[in-house]
Structure formats: structure tokens, C-alpha cells
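Colleague: Input upload_38.txt, format and content: compact mmCIF, C-alpha atoms.
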# COMPACT_ATOMS: atom_id res chain seq x y z
CA MET A 1 56.26 130.12 41.00
CA LYS A 2 59.18 131.89 39.38
CA TYR A 3 59.70 133.88 42.59
CA ASN A 4 59.61 130.69 44.65
CA ARG A 5 62.20 129.03 42.42
CA LEU A 6 64.50 132.03 42.73
CA LEU A 7 64.04 132.11 46.51
CA CYS A 8 64.87 128.41 46.84
CA ALA A 9 67.92 128.81 44.64
CA GLY A 10 69.12 131.73 46.78
CA ILE A 11 68.72 129.72 49.97
CA ALA A 12 70.60 126.79 48.46
CA VAL A 13 73.51 129.01 47.45
CA SER A 14 73.63 130.54 50.93
CA LEU A 15 73.70 127.12 52.58
CA LEU A 16 76.47 125.98 50.24
CA CYS A 17 78.58 129.03 51.13
CA ILE A 18 78.09 128.50 54.84
CA SER A 19 79.07 124.82 54.64
CA SER A 20 82.21 125.60 52.65
CA CYS A 21 83.46 128.29 55.05
CA PRO A 22 85.73 127.19 57.89
CA THR A 23 84.15 127.04 61.36
CA PRO A 24 85.49 129.80 63.61
CA SER A 25 87.86 128.50 66.29
CA THR A 26 86.33 128.12 69.75
CA ASN A 27 89.82 128.48 71.24
CA ALA A 28 90.41 132.12 70.50
CA GLN A 29 91.75 132.63 74.00
CA ALA A 30 95.47 131.92 74.37
CA PRO A 31 96.03 128.41 75.74
CA SER A 32 97.03 128.07 79.37
CA TYR A 33 100.38 126.59 80.36
CA ALA A 34 98.82 123.34 81.49
CA SER A 35 95.52 121.54 81.05
CA PRO A 36 93.60 118.96 83.12
CA THR A 37 94.55 116.09 80.83
CA PRO A 38 97.82 115.22 79.10
CA THR A 39 98.09 115.63 75.36
CA LYS A 40 99.50 112.13 74.98
CA GLY A 41 98.92 108.84 76.76
CA ARG A 42 101.01 107.14 79.40
CA ALA A 43 102.82 104.86 76.95
CA TYR A 44 104.27 107.83 75.03
CA TYR A 45 105.89 109.39 78.11
CA GLU A 46 106.81 106.10 79.75
CA GLU A 47 108.70 104.62 76.82
CA ARG A 48 110.78 107.79 76.60
CA GLY A 49 111.55 107.82 80.30
CA ASP A 50 109.90 111.24 80.69
CA ILE A 51 107.55 110.09 83.47
CA VAL A 52 107.87 107.11 85.81
CA TRP A 53 104.91 105.19 87.20
CA GLU A 54 106.77 102.04 88.24
CA VAL A 55 110.04 100.30 87.42
CA PRO A 56 110.34 96.95 85.60
CA THR A 57 112.49 94.67 87.75
CA HIS A 58 112.63 91.01 88.75
CA ARG A 59 113.97 91.96 92.16
CA LYS A 60 111.56 92.24 95.11
CA LEU A 61 111.97 95.97 95.49
CA ILE A 62 109.26 98.46 96.37
CA ALA A 63 109.36 102.24 96.84
CA LEU A 64 107.17 103.83 99.49
CA THR A 65 106.54 107.51 98.80
CA PHE A 66 104.97 110.14 101.04
CA ASP A 67 103.50 113.42 99.79
CA ASP A 68 102.56 116.82 101.22
CA GLY A 69 104.81 116.84 104.30
CA PRO A 70 106.61 117.41 106.43
CA ASP A 71 104.19 117.11 109.33
CA GLU A 72 105.30 117.78 112.88
CA SER A 73 103.88 114.53 114.28
CA ASN A 74 103.16 112.07 111.46
CA THR A 75 106.50 112.43 109.67
CA PRO A 76 108.66 111.65 112.74
CA ALA A 77 106.39 108.70 113.54
CA ILE A 78 106.83 107.39 109.99
CA LEU A 79 110.60 107.88 110.21
CA ASP A 80 110.68 105.89 113.46
CA LEU A 81 108.80 103.00 111.80
CA LEU A 82 111.04 103.04 108.73
CA LYS A 83 114.09 102.86 110.96
CA GLU A 84 112.59 99.95 112.90
CA TYR A 85 112.18 97.91 109.71
CA ASN A 86 115.38 99.10 108.01
CA ALA A 87 113.27 100.63 105.25
CA LYS A 88 114.10 103.55 102.97
CA ALA A 89 111.48 105.83 101.43
CA THR A 90 111.04 108.98 99.36
CA PHE A 91 109.34 112.10 100.71
CA PHE A 92 107.87 114.54 98.18
CA VAL A 93 107.84 117.68 100.27
CA VAL A 94 105.94 120.97 100.01
CA GLY A 95 108.39 123.87 100.21
CA SER A 96 106.28 126.12 102.43
CA ARG A 97 106.05 123.32 104.99
CA VAL A 98 109.77 122.63 104.69
CA GLU A 99 110.47 126.22 105.68
CA ASN A 100 108.42 125.72 108.85
CA LEU A 101 109.85 122.28 109.72
CA PRO A 102 113.36 122.12 108.22
CA ASP A 103 114.78 119.83 110.91
CA ILE A 104 112.38 117.03 109.95
CA VAL A 105 113.47 117.18 106.31
CA LYS A 106 117.07 117.28 107.43
CA ARG A 107 116.41 114.12 109.43
CA GLU A 108 114.87 112.44 106.37
CA ARG A 109 118.09 112.93 104.43
CA ALA A 110 120.33 112.08 107.38
CA GLU A 111 118.60 108.70 107.80
CA GLY A 112 119.12 107.73 104.16
CA HIS A 113 115.74 108.64 102.73
CA GLU A 114 115.19 110.62 99.56
CA VAL A 115 113.58 114.03 99.28
CA GLY A 116 111.61 115.10 96.20
CA ASN A 117 110.10 118.38 95.00
CA HIS A 118 106.31 118.65 95.41
CA THR A 119 106.10 122.40 94.68
CA PHE A 120 106.17 125.26 97.18
CA TYR A 121 102.48 125.89 97.84
CA HIS A 122 101.04 122.62 96.47
CA SER A 123 99.43 124.59 93.65
CA SER A 124 97.52 122.71 91.00
CA PHE A 125 99.37 122.53 87.69
CA GLN A 126 96.08 122.70 85.82
CA TYR A 127 95.79 126.08 84.10
CA ILE A 128 99.00 127.52 85.52
CA SER A 129 101.30 130.04 83.86
CA ARG A 130 104.87 129.13 83.02
CA ASN A 131 106.18 131.77 85.41
CA LYS A 132 104.05 130.44 88.25
CA ALA A 133 105.17 126.88 87.52
CA LEU A 134 108.81 127.98 87.56
CA SER A 135 108.28 129.79 90.84
CA GLU A 136 106.68 126.73 92.43
CA LEU A 137 109.58 124.50 91.40
CA ASP A 138 112.38 126.95 92.20
CA GLN A 139 111.07 128.00 95.60
CA ALA A 140 110.53 124.39 96.64
CA GLN A 141 114.03 123.48 95.49
CA ALA A 142 115.48 126.42 97.43
CA SER A 143 113.69 125.34 100.60
CA ILE A 144 115.10 121.81 100.28
CA VAL A 145 118.62 123.14 99.76
CA GLN A 146 118.24 125.45 102.74
CA ALA A 147 117.08 122.59 104.99
CA THR A 148 119.42 119.83 103.83
CA GLY A 149 122.31 121.42 101.98
CA ALA A 150 121.45 119.80 98.64
CA GLY A 151 118.68 119.89 96.06
CA THR A 152 116.75 117.08 94.41
CA HIS A 153 116.33 115.70 90.90
CA LEU A 154 112.86 114.22 91.52
CA PHE A 155 109.54 116.02 91.05
CA ARG A 156 105.94 114.97 91.66
CA PRO A 157 103.27 117.40 90.46
CA PRO A 158 100.29 117.81 92.81
CA GLY A 159 97.44 115.52 91.84
CA GLY A 160 99.65 113.83 89.26
CA SER A 161 98.74 116.44 86.61
CA TYR A 162 101.13 116.57 83.65
CA THR A 163 101.32 117.93 80.11
CA ASP A 164 103.91 118.24 77.37
CA SER A 165 104.72 121.71 78.67
CA LEU A 166 105.33 120.45 82.19
CA VAL A 167 107.49 117.57 80.95
CA LYS A 168 109.56 120.05 78.94
CA LEU A 169 109.91 122.41 81.89
CA SER A 170 110.92 119.58 84.21
CA LYS A 171 113.68 118.56 81.80
CA GLU A 172 114.89 122.15 81.66
CA LYS A 173 115.15 122.16 85.45
CA GLY A 174 116.87 118.76 85.58
CA LEU A 175 113.91 117.10 87.29
CA LYS A 176 112.48 113.63 86.66
CA ILE A 177 108.69 113.38 87.02
CA ILE A 178 107.75 110.55 89.38
CA LEU A 179 104.14 109.45 89.68
CA TRP A 180 102.97 106.13 91.19
CA SER A 181 101.71 102.68 90.29
CA TRP A 182 98.02 102.99 89.47
CA HIS A 183 97.25 99.95 91.62
CA GLN A 184 99.13 101.49 94.56
CA ASP A 185 97.20 104.70 95.13
CA THR A 186 96.17 104.23 98.77
CA LEU A 187 93.79 107.23 98.80
CA ASP A 188 94.89 107.73 102.39
CA TRP A 189 94.14 111.46 102.09
CA ARG A 190 90.45 110.50 102.11
CA LYS A 191 90.90 108.82 105.52
CA PRO A 192 89.31 105.54 104.31
CA GLY A 193 90.38 103.56 107.36
CA VAL A 194 93.63 101.93 108.46
CA HIS A 195 92.85 98.47 107.06
CA ARG A 196 91.67 99.82 103.70
CA ILE A 197 95.00 101.60 103.28
CA ALA A 198 97.02 98.56 104.35
CA ASN A 199 95.00 96.11 102.25
CA ARG A 200 95.35 98.26 99.15
CA VAL A 201 99.13 98.00 99.39
CA LEU A 202 99.36 94.37 100.48
CA ARG A 203 96.89 92.94 97.94
CA ASN A 204 98.59 94.68 95.03
CA ALA A 205 102.28 94.56 95.95
CA ARG A 206 104.47 93.78 92.92
CA ASN A 207 108.17 94.10 92.13
CA GLY A 208 109.06 97.67 91.15
CA ASP A 209 105.94 99.31 92.58
CA ILE A 210 105.86 102.95 93.61
CA VAL A 211 103.33 103.35 96.44
CA LEU A 212 101.53 106.65 97.00
CA MET A 213 100.85 107.71 100.59
CA HIS A 214 100.83 111.00 102.49
CA ASP A 215 102.69 111.97 105.64
CA TYR A 216 100.49 115.03 106.00
CA VAL A 217 96.74 114.39 106.18
CA HIS A 218 94.87 116.86 108.34
CA GLN A 219 93.89 115.36 111.70
CA SER A 220 94.62 111.78 110.63
CA THR A 221 97.13 109.16 111.77
CA GLN A 222 95.69 106.40 109.56
CA THR A 223 98.77 106.24 107.32
CA VAL A 224 101.05 105.79 110.32
CA GLU A 225 98.87 103.01 111.70
CA ALA A 226 98.63 101.33 108.28
CA LEU A 227 102.42 101.27 108.02
CA LYS A 228 102.53 99.20 111.20
CA ILE A 229 100.73 96.51 109.19
CA ILE A 230 102.37 97.07 105.79
CA LEU A 231 106.04 97.12 106.77
CA PRO A 232 106.28 93.81 108.67
CA GLU A 233 104.07 91.96 106.19
CA LEU A 234 105.97 93.03 103.07
CA LYS A 235 109.26 92.39 104.80
CA LYS A 236 108.04 88.88 105.62
CA ARG A 237 107.27 88.39 101.92
CA GLY A 238 110.86 89.26 101.05
CA PHE A 239 110.44 92.82 99.80
CA THR A 240 113.16 95.42 100.26
CA PHE A 241 112.03 99.03 100.75
CA VAL A 242 114.13 101.39 98.63
CA THR A 243 114.16 105.02 97.54
CA VAL A 244 112.85 105.96 94.10
CA SER A 245 116.39 106.55 92.83
CA GLU A 246 117.48 103.12 94.06
CA LEU A 247 114.50 101.60 92.33
CA LEU A 248 115.36 103.40 89.09
CA SER A 249 118.92 102.06 89.27
CA ASN A 250 117.48 98.53 89.20
CA ARG A 251 115.42 99.07 86.06
CA GLU A 252 115.47 96.16 83.64
CA LYS A 253 115.10 97.66 80.20
CA PRO A 254 111.90 96.39 78.57
CA ASP A 255 111.66 95.80 74.85
CA GLY A 256 110.91 98.99 72.96
CA LEU A 257 112.08 101.48 75.59
CA ILE A 258 113.27 104.65 73.90
CA GLU A 259 116.19 106.06 75.88
CA VAL A 260 115.81 109.80 75.45
CA ASN A 261 115.72 111.16 79.00
CA LYS A 262 118.24 109.45 81.26
Translate the structure described by the file into C-alpha cells.
Modeller:
Amino acid sequence: MKYNRLLCAGIAVSLLCISSCPTPSTNAQAPSYASPTPTKGRAYYEERGDIVWEVPTHRKLIALTFDDGPDESNTPAILDLLKEYNAKATFFVVGSRVENLPDIVKRERAEGHEVGNHTFYHSSFQYISRNKALSELDQAQASIVQATGAGTHLFRPPGGSYTDSLVKLSKEKGLKIILWSWHQDTLDWRKPGVHRIANRVLRNARNGDIVLMHDYVHQSTQTVEALKIILPELKKRGFTFVTVSELLSNREKPDGLIEVNK
């Protein structure tokens, strides 16, 4: 019995020591530059002007944006439609594609549209080194300058991935991160059908929206065909199609906005 009491006491002391010792960190590996999820919520970045999803305005303005181009057939077709309806848009271009099709990007600028940085190789910014992120931004910027004679101050990370580190880097490079209205993600890259794309935009259209579409979707013209429905209908409703920068210039400051990144 005495031995049992001593054994129990020894076990109790051991358990007490284990519980009082700090748990070893499971993050011994150095953290990557970016992670799949942001460290803070949308409200934190939005109220500081670090990231834009949409723009508060009473005016009937809407910004159409196109990612992943240029494309040798879809982009010119989109430009023709925009010209027909006197609409301006913003193209977030991939630098490696700009190098192959510089004349299309030059045309975008010449016709009054805006060009934004969408990285050089469309690399994911999840688990990316700082040097790689810098390379993606700088090479894309250089390709835009080479094609059009001027750079851009707008940046859209592939997939909409963002972190504190990416926000900081974007500020260092003089770039504003532009995402899109959550209710205006057309998912056109999935090729859901022309009417699904058009209905997504038309059912949800609000003042200050930023609409996400793609001018490069492999072997698909659905976005082009959807625009043939979207443009005349929104114009009939009184909307004006503007670039992202024009939309930002019409921002009506909401209560509580912290002006730290103009």
C-alpha cells in the first residue's frame, strides 16, 4: 500500500509538471510570405482604404473589370462592344500575355480604358516569397510600360488572395489593391452559360459596384456574349460604365472611414 501511494504521488507530480510546461509551437517552420486567408477581416482593410471591394456612391456608376487577358480574340471583341455602348472598363492584365499581345493593351489605353497589374505569370499569392511577389509585380508593371508607355497604380492579386504582408508590399510599390463586389463575381471562368453570367450582373447591379469578369477564358466566348445582354440593359437602367479610378473619384465618404491610404 505504501508503494502504491508513492507511485500515485509520483504520477500526480509528473502530470502537474507536464500541464504547467508550455506546449511546443507547431509553427517551428518560418512563416511564408502569404497565407490562404487574411489575418484581418474585410472591414479592417476597407475602412483604411487598403483594399477596395466597391465604392459608396449615390450616382449610377458601375465598373466592369476583366482579368487574365489580353486574349487575341475575346479582348478585341469586348473592346468593340464597349465602344458601341460608350462604356469604359478596367483590364487587369497578366504581364506574360501582355508581352505576346502588346498592341491589344495599347488599344485598351488608347480607347480610354484602364489597365491594372494582375502579376506576370498569374502566380498564386498563397505561400509566396517576398522576392517572388516583387518579381511578379515588377515584371508585370514593366510589360505594361513597354506596351503602353505608362505604368499603373492598380493591382488585383490572382484569386483575390491578400494578407497584411501583401497590403504592405502593395503600398511600397504605390499600388492600390482592387478586388470586386462579392455579389458581382460572375464566375465566368467556369463557363456557367451566357445567361447565368448576364443574370448574375443584372440581378445584383448597384451603384458603385465592381464587376468581376475575364477576357481570357480558354475556349470560351461566353463573357463576350453575356456583355451583349449586360451593356444595353444596364445602359437602359441609367448606369454609366466607368473605370475603377473614375469610380474611386466618386466615392462618398461613409461614416467611420479612416483615411490612411489615399
Colleague: Would you mind listing, for every residue of stretch 71-173 of chain A within 10 Å of stretch 50-60 of chain A, the two atoms forming the shortest contact and the distance between them in Å to one decimal, using all atoms listed in the file, sorted by chain and ascending residue number, as a tab-separated table?
Modeller:
residue	atom	partner	partner_atom	distance
A:Phe155	CA	A:Ile51	CA	9.8
A:Arg156	CA	A:Ile51	CA	9.7
A:Tyr162	CA	A:Ile51	CA	9.1
A:Asp164	CA	A:Asp50	CA	9.8
A:Val167	CA	A:Asp50	CA	6.8
A:Lys168	CA	A:Asp50	CA	9.0
A:Ser170	CA	A:Asp50	CA	9.1
A:Lys171	CA	A:Asp50	CA	8.3
Colleague: Skipping near chain neighbours, those fewer than 5 positions away, what residues fall within 8 Å of stretch 86-101 of chain A using all atoms listed in the file, listed as a PyMOL selection string?
Modeller: chain A and resi 63-72+108+112-122+139-141+143-144+147+155-156+240-244
Colleague: Atom CA of A:Gly174 to atom CA of A:His153: how many Å, to one decimal?
Modeller: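 So the two atoms, atom CA of A:Gly174 and atom CA of A:His153, lie 6.2 Å apart.
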Colleague: Using Å and a single decimal, report how far atom CA of A:Leu154 sits from atom CA of A:Leu175.
Modeller: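 That distance, rounded to one decimal, is 5.2 Å.
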Colleague: Given the point (98.8, 116.0, 88.7) in the file's coordinates, find the residues that have an atom at most 9 Å from it, counting all atoms listed in the file, and give them as a PyMOL selection string.
Modeller: chain A and resi 36-37+124-126+156-162+179
Colleague: Find the distance between atom CA of A:Gly49 and atom CA of A:Ile210 and write it in Å to one decimal.
Modeller: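 Atom CA of A:Ile210 lies 15.3 Å from atom CA of A:Gly49.
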Colleague: Could you list, as a compact mmCIF listing (two decimals) with C-alpha atoms, in the frame of the given file, every residue within 8 Å of stretch 222-226 of chain A, counting all atoms listed in the file and ignoring same-chain residues fewer than 6 positions away?
Modeller:
# COMPACT_ATOMS: atom_id res chain seq x y z
CA ASN A 74 103.16 112.07 111.46
CA ALA A 77 106.39 108.70 113.54
CA ILE A 78 106.83 107.39 109.99
CA ASP A 188 94.89 107.73 102.39
CA LYS A 191 90.90 108.82 105.52
CA GLY A 193 90.38 103.56 107.36
CA VAL A 194 93.63 101.93 108.46
CA HIS A 195 92.85 98.47 107.06
CA ILE A 197 95.00 101.60 103.28
CA ALA A 198 97.02 98.56 104.35
CA MET A 213 100.85 107.71 100.59
CA HIS A 214 100.83 111.00 102.49
CA ASP A 215 102.69 111.97 105.64
Colleague: Check the smallest atom-to-atom distance from each of A:Lys176, A:Asn199, A:Lys236, A:Arg130 to A:Arg48 using only C-alpha atoms, then report the winner.
Modeller: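 Answer, going by the shortest atom-to-atom distance: A:Lys176.
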Colleague: Take stretch 66-92 of chain A, bring it up to N, CA and C atoms, and give me the output as a PDB file, in the coordinates of the input.
Modeller:
ATOM      1  N   PHE A  66     105.859 109.369 100.169  1.00  0.00           N
ATOM      2  CA  PHE A  66     104.970 110.140 101.040  1.00  0.00           C
ATOM      3  C   PHE A  66     104.915 111.576 100.542  1.00  0.00           C
ATOM      4  N   ASP A  67     103.699 112.081 100.328  1.00  0.00           N
ATOM      5  CA  ASP A  67     103.500 113.420  99.790  1.00  0.00           C
ATOM      6  C   ASP A  67     103.004 114.399 100.850  1.00  0.00           C
ATOM      7  N   ASP A  68     103.202 115.681 100.546  1.00  0.00           N
ATOM      8  CA  ASP A  68     102.560 116.820 101.220  1.00  0.00           C
ATOM      9  C   ASP A  68     103.180 117.221 102.548  1.00  0.00           C
ATOM     10  N   GLY A  69     104.168 116.478 103.047  1.00  0.00           N
ATOM     11  CA  GLY A  69     104.810 116.840 104.300  1.00  0.00           C
ATOM     12  C   GLY A  69     105.852 117.922 104.101  1.00  0.00           C
ATOM     13  N   PRO A  70     106.606 118.168 105.176  1.00  0.00           N
ATOM     14  CA  PRO A  70     106.610 117.410 106.430  1.00  0.00           C
ATOM     15  C   PRO A  70     105.470 117.797 107.367  1.00  0.00           C
ATOM     16  N   ASP A  71     105.172 116.878 108.278  1.00  0.00           N
ATOM     17  CA  ASP A  71     104.190 117.110 109.330  1.00  0.00           C
ATOM     18  C   ASP A  71     104.897 116.932 110.665  1.00  0.00           C
ATOM     19  N   GLU A  72     104.548 117.761 111.628  1.00  0.00           N
ATOM     20  CA  GLU A  72     105.300 117.780 112.880  1.00  0.00           C
ATOM     21  C   GLU A  72     105.142 116.514 113.719  1.00  0.00           C
ATOM     22  N   SER A  73     104.059 115.755 113.510  1.00  0.00           N
ATOM     23  CA  SER A  73     103.880 114.530 114.280  1.00  0.00           C
ATOM     24  C   SER A  73     103.924 113.271 113.421  1.00  0.00           C
ATOM     25  N   ASN A  74     103.210 113.273 112.301  1.00  0.00           N
ATOM     26  CA  ASN A  74     103.160 112.070 111.460  1.00  0.00           C
ATOM     27  C   ASN A  74     104.506 111.720 110.843  1.00  0.00           C
ATOM     28  N   THR A  75     105.229 112.727 110.346  1.00  0.00           N
ATOM     29  CA  THR A  75     106.500 112.430 109.670  1.00  0.00           C
ATOM     30  C   THR A  75     107.522 111.797 110.614  1.00  0.00           C
ATOM     31  N   PRO A  76     107.745 112.330 111.822  1.00  0.00           N
ATOM     32  CA  PRO A  76     108.660 111.650 112.740  1.00  0.00           C
ATOM     33  C   PRO A  76     108.211 110.240 113.099  1.00  0.00           C
ATOM     34  N   ALA A  77     106.893 110.039 113.233  1.00  0.00           N
ATOM     35  CA  ALA A  77     106.390 108.700 113.540  1.00  0.00           C
ATOM     36  C   ALA A  77     106.675 107.734 112.395  1.00  0.00           C
ATOM     37  N   ILE A  78     106.528 108.217 111.163  1.00  0.00           N
ATOM     38  CA  ILE A  78     106.830 107.390 109.990  1.00  0.00           C
ATOM     39  C   ILE A  78     108.327 107.088 109.935  1.00  0.00           C
ATOM     40  N   LEU A  79     109.147 108.090 110.213  1.00  0.00           N
ATOM     41  CA  LEU A  79     110.600 107.880 110.210  1.00  0.00           C
ATOM     42  C   LEU A  79     111.002 106.844 111.259  1.00  0.00           C
ATOM     43  N   ASP A  80     110.376 106.879 112.414  1.00  0.00           N
ATOM     44  CA  ASP A  80     110.680 105.890 113.460  1.00  0.00           C
ATOM     45  C   ASP A  80     110.342 104.472 112.983  1.00  0.00           C
ATOM     46  N   LEU A  81     109.201 104.317 112.304  1.00  0.00           N
ATOM     47  CA  LEU A  81     108.800 103.000 111.800  1.00  0.00           C
ATOM     48  C   LEU A  81     109.743 102.522 110.699  1.00  0.00           C
ATOM     49  N   LEU A  82     110.123 103.416 109.805  1.00  0.00           N
ATOM     50  CA  LEU A  82     111.040 103.040 108.730  1.00  0.00           C
ATOM     51  C   LEU A  82     112.376 102.575 109.298  1.00  0.00           C
ATOM     52  N   LYS A  83     112.841 103.267 110.330  1.00  0.00           N
ATOM     53  CA  LYS A  83     114.090 102.860 110.960  1.00  0.00           C
ATOM     54  C   LYS A  83     113.953 101.484 111.603  1.00  0.00           C
ATOM     55  N   GLU A  84     112.823 101.238 112.226  1.00  0.00           N
ATOM     56  CA  GLU A  84     112.590  99.950 112.900  1.00  0.00           C
ATOM     57  C   GLU A  84     112.678  98.785 111.925  1.00  0.00           C
ATOM     58  N   TYR A  85     112.206  98.995 110.689  1.00  0.00           N
ATOM     59  CA  TYR A  85     112.180  97.910 109.710  1.00  0.00           C
ATOM     60  C   TYR A  85     113.285  98.057 108.654  1.00  0.00           C
ATOM     61  N   ASN A  86     114.256  98.907 108.922  1.00  0.00           N
ATOM     62  CA  ASN A  86     115.380  99.100 108.010  1.00  0.00           C
ATOM     63  C   ASN A  86     114.884  99.409 106.594  1.00  0.00           C
ATOM     64  N   ALA A  87     113.906 100.288 106.525  1.00  0.00           N
ATOM     65  CA  ALA A  87     113.270 100.630 105.250  1.00  0.00           C
ATOM     66  C   ALA A  87     113.650 102.045 104.830  1.00  0.00           C
ATOM     67  N   LYS A  88     113.847 102.223 103.526  1.00  0.00           N
ATOM     68  CA  LYS A  88     114.100 103.550 102.970  1.00  0.00           C
ATOM     69  C   LYS A  88     112.869 103.982 102.173  1.00  0.00           C
ATOM     70  N   ALA A  89     112.660 105.303 102.122  1.00  0.00           N
ATOM     71  CA  ALA A  89     111.480 105.830 101.430  1.00  0.00           C
ATOM     72  C   ALA A  89     111.826 107.151 100.770  1.00  0.00           C
ATOM     73  N   THR A  90     110.864 107.698 100.028  1.00  0.00           N
ATOM     74  CA  THR A  90     111.040 108.980  99.360  1.00  0.00           C
ATOM     75  C   THR A  90     109.919 109.915  99.804  1.00  0.00           C
ATOM     76  N   PHE A  91     110.299 111.109 100.229  1.00  0.00           N
ATOM     77  CA  PHE A  91     109.340 112.100 100.710  1.00  0.00           C
ATOM     78  C   PHE A  91     109.253 113.250  99.715  1.00  0.00           C
ATOM     79  N   PHE A  92     108.087 113.419  99.093  1.00  0.00           N
ATOM     80  CA  PHE A  92     107.870 114.540  98.180  1.00  0.00           C
ATOM     81  C   PHE A  92     107.295 115.691  98.993  1.00  0.00           C
TER      82      PHE A  92
END
